[in-house]
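Report on one structure; see the data block that follows.
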Amino acid sequence: MVIPAHNEARYLGDCLRSLAAQDFDGDYEVLVVDNASTDSSVEIAQSFDAAVVREGRLGVCFARQAGTLVASGEIVVSTDADTTFPGDWLRRIDAVFHQNPAVVAVAGPCRYVGGPSWAWLYPRILFGFVHAFSWLTGRVCYVTATNLAFRQSAWDGYDTAMTQGGDELDALRRLRARGQVVFDPGNATSTSARRLHRGLAYSVVVTFLYYYVLAYWMNRVAGRTMIGTAPPVRNLPRDRGRAWPICRAVAVVLCLLVALALALSEHLPMFA
């Protein structure tokens, strides 16, 4: 179990407490990756007897990479420090791997908690599409690193040039090349909706389209980090007055960069 943590003292205890309450009867290790934290995240991890891995390079991709490199289990489970889990979460993941040796990864949806009124709809649309696409085509087109498990033998490292979001898509692309990826729509995690507090427009245009979709395209085409990781988000107040000008500016940049990305990646489909 790999859990990146950059100043996650507010959420990490609930995450680890939720893991301790799992009904899974097998052995598993919990690795909390201290990603340059300056709060009490490390002390909280140690109070739950979690192993602490140090990663000084700031960025969730570096943290996931560092944790996975030292993980000793056959199956690596990726999640986030602001996330909690149903009691049968690990047992359901383990069952899928045991039922089919050809499966190299098991993914599931997430649900947002503690957010604006529309926060419940956003992941249901996204993961509803992922589930429908998987059912129709047999291919999983998106995974979230807050609910992803994979075989160590099928993993050859995260591409840390991809930044957050892009590393998920890149990991999915590599795992699909090595075997079957299964999406379990009924095994959802619950994650903090703090990223949504700037409003729907900001979440869609800036967070998703810019820092996830466009960053993946641009960084993969360039082979290096062209668009960096989104700034860390804590509990920001909702501020539409500031968000809308940012969205408009980003939308203009998106139009230009998408055109460039498409021109440079004619043979590089996003879900290849």
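By order in the structure tokens, chains are A, B, ...; within a chain, residues start at 1; ligands start at 1, following the order shown.
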Neighbour list for A:Arg174 as number ranges by chain, cut-off 12 Å, only C-alpha atoms, skip fewer than 2 positions in-chain: A: 104-105, 150, 153-159, 167-172, 176-181, 271-272
Stretch 66-79 of chain A surroundings by only C-alpha atoms, 9 Å radius, close-in-sequence under 4 positions cut, as a PyMOL selection string: chain A and resi 1-4+28-33+52-55+61-62+83+90+94+97+105+144-153+157+189
Test item: residues at most 10 Å from A:Asn219, only C-alpha atoms, excluding those fewer than 6 positions along its chain, as a list in words: Asp159, Thr160, Ala161, Met162, Thr163, Gly166, Thr225, Met226, Ile227, Gly228 and Ala261 of chain A
Keeping only C-alpha atoms, take the residues you just selected and write them out as a PDB file, in the first residue's frame.
```pdb
ATOM      1  CA  ASP A 159       7.138   8.395 -15.797  1.00  0.00           C
ATOM      2  CA  THR A 160       7.735  11.281 -13.413  1.00  0.00           C
ATOM      3  CA  ALA A 161       7.831  13.753 -16.311  1.00  0.00           C
ATOM      4  CA  MET A 162       4.089  13.206 -16.665  1.00  0.00           C
ATOM      5  CA  THR A 163       3.076  14.948 -13.376  1.00  0.00           C
ATOM      6  CA  GLY A 166      -0.644  12.127 -16.608  1.00  0.00           C
ATOM      7  CA  THR A 225       7.896  18.170 -18.169  1.00  0.00           C
ATOM      8  CA  MET A 226       6.369  21.022 -20.175  1.00  0.00           C
ATOM      9  CA  ILE A 227       3.400  21.596 -17.851  1.00  0.00           C
ATOM     10  CA  GLY A 228       4.179  21.088 -14.179  1.00  0.00           C
ATOM     11  CA  ALA A 261      -0.336  18.939 -29.222  1.00  0.00           C
TER      12      ALA A 261
END
```
Spatial neighbours of A:Gly115, max dist 9 Å, only C-alpha atoms, sep filter under 6 positions, as a VMD selection string: chain A and resid 192 to 197
Go ahead and save the residues from that selection, with N, CA and C atoms, as a PDB file, in the first residue's frame.
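And here is the file that came out, out-v6.pdb:
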```pdb
ATOM      1  N   SER A 192     -11.248  13.420  -0.357  1.00  0.00           N
ATOM      2  CA  SER A 192     -11.600  14.798  -0.036  1.00  0.00           C
ATOM      3  C   SER A 192     -11.908  15.597  -1.301  1.00  0.00           C
ATOM      4  N   ALA A 193     -12.940  16.426  -1.216  1.00  0.00           N
ATOM      5  CA  ALA A 193     -13.337  17.266  -2.350  1.00  0.00           C
ATOM      6  C   ALA A 193     -12.684  18.640  -2.297  1.00  0.00           C
ATOM      7  N   ARG A 194     -11.600  18.782  -1.541  1.00  0.00           N
ATOM      8  CA  ARG A 194     -10.959  20.095  -1.414  1.00  0.00           C
ATOM      9  C   ARG A 194     -10.515  20.665  -2.754  1.00  0.00           C
ATOM     10  N   ARG A 195     -10.200  19.792  -3.723  1.00  0.00           N
ATOM     11  CA  ARG A 195      -9.764  20.262  -5.045  1.00  0.00           C
ATOM     12  C   ARG A 195     -10.883  20.947  -5.822  1.00  0.00           C
ATOM     13  N   LEU A 196     -12.114  20.771  -5.372  1.00  0.00           N
ATOM     14  CA  LEU A 196     -13.263  21.301  -6.099  1.00  0.00           C
ATOM     15  C   LEU A 196     -13.767  22.623  -5.539  1.00  0.00           C
ATOM     16  N   HIS A 197     -13.142  23.135  -4.507  1.00  0.00           N
ATOM     17  CA  HIS A 197     -13.699  24.300  -3.816  1.00  0.00           C
ATOM     18  C   HIS A 197     -13.578  25.596  -4.610  1.00  0.00           C
TER      19      HIS A 197
END
```
Do you know which residues are at most 10 Å from A:Ser40 counting only C-alpha atoms, after dropping those on the same chain fewer than 4 positions away, and could you put them as a compact mmCIF listing (two decimals) with C-alpha atoms, in the first residue's frame?
```txt
# COMPACT_ATOMS: atom_id res chain seq x y z
CA ASN A 7 1.52 17.94 4.74
CA GLU A 8 -1.48 15.63 5.11
CA ALA A 9 -1.79 15.70 8.90
CA ARG A 10 -5.46 16.68 8.71
CA LEU A 12 -3.80 10.92 7.11
CA ILE A 44 0.86 10.29 12.51
CA ALA A 45 2.10 7.58 10.13
```
Point-to-point distance from atom CA of A:Pro185 to atom CA of A:Val113, Å rounded to tenths: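 So the answer is 17.6 Å.
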Atom CA of A:Trp120 to atom CA of A:Ala132, straight-line distance in Å: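 Distance between the two atoms: 18.4 Å.
Computed from the coordinates, the atom CA of A:Tyr210 to atom CA of A:Thr229 distance equals 10.3 Å.
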Long-range neighbours of stretch 19-27 of chain A as a VMD selection string, 10 Å cut-off, only C-alpha atoms, 4 positions minimum in chain: chain A and resid 1 13 to 15 48 73 83 to 94
DSSP strand (DSSP E or B) selection over stretch 94-166 of chain A, as a list in words: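 Matching residues, listed in order: Val103, Val104, Ala105, Val106, Ala107, Cys110, Arg111, Tyr112, Val113, Leu148, Ala149, Phe150 and Arg151 of chain A.
Across stretch 149-207 of chain A, DSSP run on the backbone finds alpha helix (DSSP H) at Gly166, Asp167, Glu168, Leu169, Asp170, Ala171, Leu172, Arg173, Arg174, Leu175, Arg176, Leu200, Ala201 and Tyr202 of chain A.
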Would you mind exporting the chosen residues as a PDB file, in the first residue's frame, restricted to N, CA and C atoms?
```
ATOM      1  N   GLY A 166      -1.330  12.721 -15.469  1.00  0.00           N
ATOM      2  CA  GLY A 166      -0.644  12.127 -16.608  1.00  0.00           C
ATOM      3  C   GLY A 166       0.056  10.836 -16.252  1.00  0.00           C
ATOM      4  N   ASP A 167       0.605  10.765 -15.037  1.00  0.00           N
ATOM      5  CA  ASP A 167       1.266   9.532 -14.639  1.00  0.00           C
ATOM      6  C   ASP A 167       0.261   8.396 -14.506  1.00  0.00           C
ATOM      7  N   GLU A 168      -0.990   8.711 -14.147  1.00  0.00           N
ATOM      8  CA  GLU A 168      -2.028   7.694 -14.080  1.00  0.00           C
ATOM      9  C   GLU A 168      -2.327   7.140 -15.470  1.00  0.00           C
ATOM     10  N   LEU A 169      -2.506   8.042 -16.430  1.00  0.00           N
ATOM     11  CA  LEU A 169      -2.784   7.618 -17.801  1.00  0.00           C
ATOM     12  C   LEU A 169      -1.611   6.847 -18.391  1.00  0.00           C
ATOM     13  N   ASP A 170      -0.384   7.307 -18.102  1.00  0.00           N
ATOM     14  CA  ASP A 170       0.792   6.618 -18.630  1.00  0.00           C
ATOM     15  C   ASP A 170       0.937   5.238 -17.992  1.00  0.00           C
ATOM     16  N   ALA A 171       0.691   5.142 -16.689  1.00  0.00           N
ATOM     17  CA  ALA A 171       0.755   3.843 -16.027  1.00  0.00           C
ATOM     18  C   ALA A 171      -0.292   2.893 -16.600  1.00  0.00           C
ATOM     19  N   LEU A 172      -1.495   3.402 -16.852  1.00  0.00           N
ATOM     20  CA  LEU A 172      -2.544   2.578 -17.451  1.00  0.00           C
ATOM     21  C   LEU A 172      -2.125   2.087 -18.821  1.00  0.00           C
ATOM     22  N   ARG A 173      -1.548   2.955 -19.640  1.00  0.00           N
ATOM     23  CA  ARG A 173      -1.108   2.564 -20.983  1.00  0.00           C
ATOM     24  C   ARG A 173      -0.081   1.430 -20.909  1.00  0.00           C
ATOM     25  N   ARG A 174       0.851   1.534 -19.981  1.00  0.00           N
ATOM     26  CA  ARG A 174       1.896   0.508 -19.853  1.00  0.00           C
ATOM     27  C   ARG A 174       1.336  -0.797 -19.299  1.00  0.00           C
ATOM     28  N   LEU A 175       0.441  -0.693 -18.325  1.00  0.00           N
ATOM     29  CA  LEU A 175      -0.127  -1.907 -17.742  1.00  0.00           C
ATOM     30  C   LEU A 175      -0.989  -2.657 -18.748  1.00  0.00           C
ATOM     31  N   ARG A 176      -1.745  -1.923 -19.563  1.00  0.00           N
ATOM     32  CA  ARG A 176      -2.597  -2.582 -20.564  1.00  0.00           C
ATOM     33  C   ARG A 176      -1.768  -3.348 -21.575  1.00  0.00           C
ATOM     34  N   LEU A 200     -16.966  24.727 -10.231  1.00  0.00           N
ATOM     35  CA  LEU A 200     -17.061  23.760 -11.325  1.00  0.00           C
ATOM     36  C   LEU A 200     -16.216  24.172 -12.521  1.00  0.00           C
ATOM     37  N   ALA A 201     -16.291  25.455 -12.902  1.00  0.00           N
ATOM     38  CA  ALA A 201     -15.546  25.909 -14.085  1.00  0.00           C
ATOM     39  C   ALA A 201     -14.041  25.717 -13.892  1.00  0.00           C
ATOM     40  N   TYR A 202     -13.534  26.110 -12.741  1.00  0.00           N
ATOM     41  CA  TYR A 202     -12.103  25.962 -12.468  1.00  0.00           C
ATOM     42  C   TYR A 202     -11.717  24.485 -12.460  1.00  0.00           C
TER      43      TYR A 202
END
```
Within 6 Å of A:Asn35 using only C-alpha atoms, minus same-chain residues under 5 positions, as a list in words: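 My reading of the contact set: Ala5, His6, Glu55, Gly56 and Leu58 of chain A.
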Would you save the residues of that selection, restricted to C-alpha atoms, as a PDB file, in the first residue's frame?
```pdb
ATOM      1  CA  ALA A   5       1.815  12.488   1.884  1.00  0.00           C
ATOM      2  CA  HIS A   6       2.774  16.149   1.630  1.00  0.00           C
ATOM      3  CA  GLU A  55      11.132  11.473  -0.895  1.00  0.00           C
ATOM      4  CA  GLY A  56      12.543  14.999  -0.888  1.00  0.00           C
ATOM      5  CA  LEU A  58       8.225  17.592  -4.163  1.00  0.00           C
TER       6      LEU A  58
END
```
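Minimum atom-to-atom distance to A:Pro101, evaluated using only C-alpha atoms, belongs to A:Val182 out of A:Gly138, A:Val182, A:Gly114, A:Glu43.
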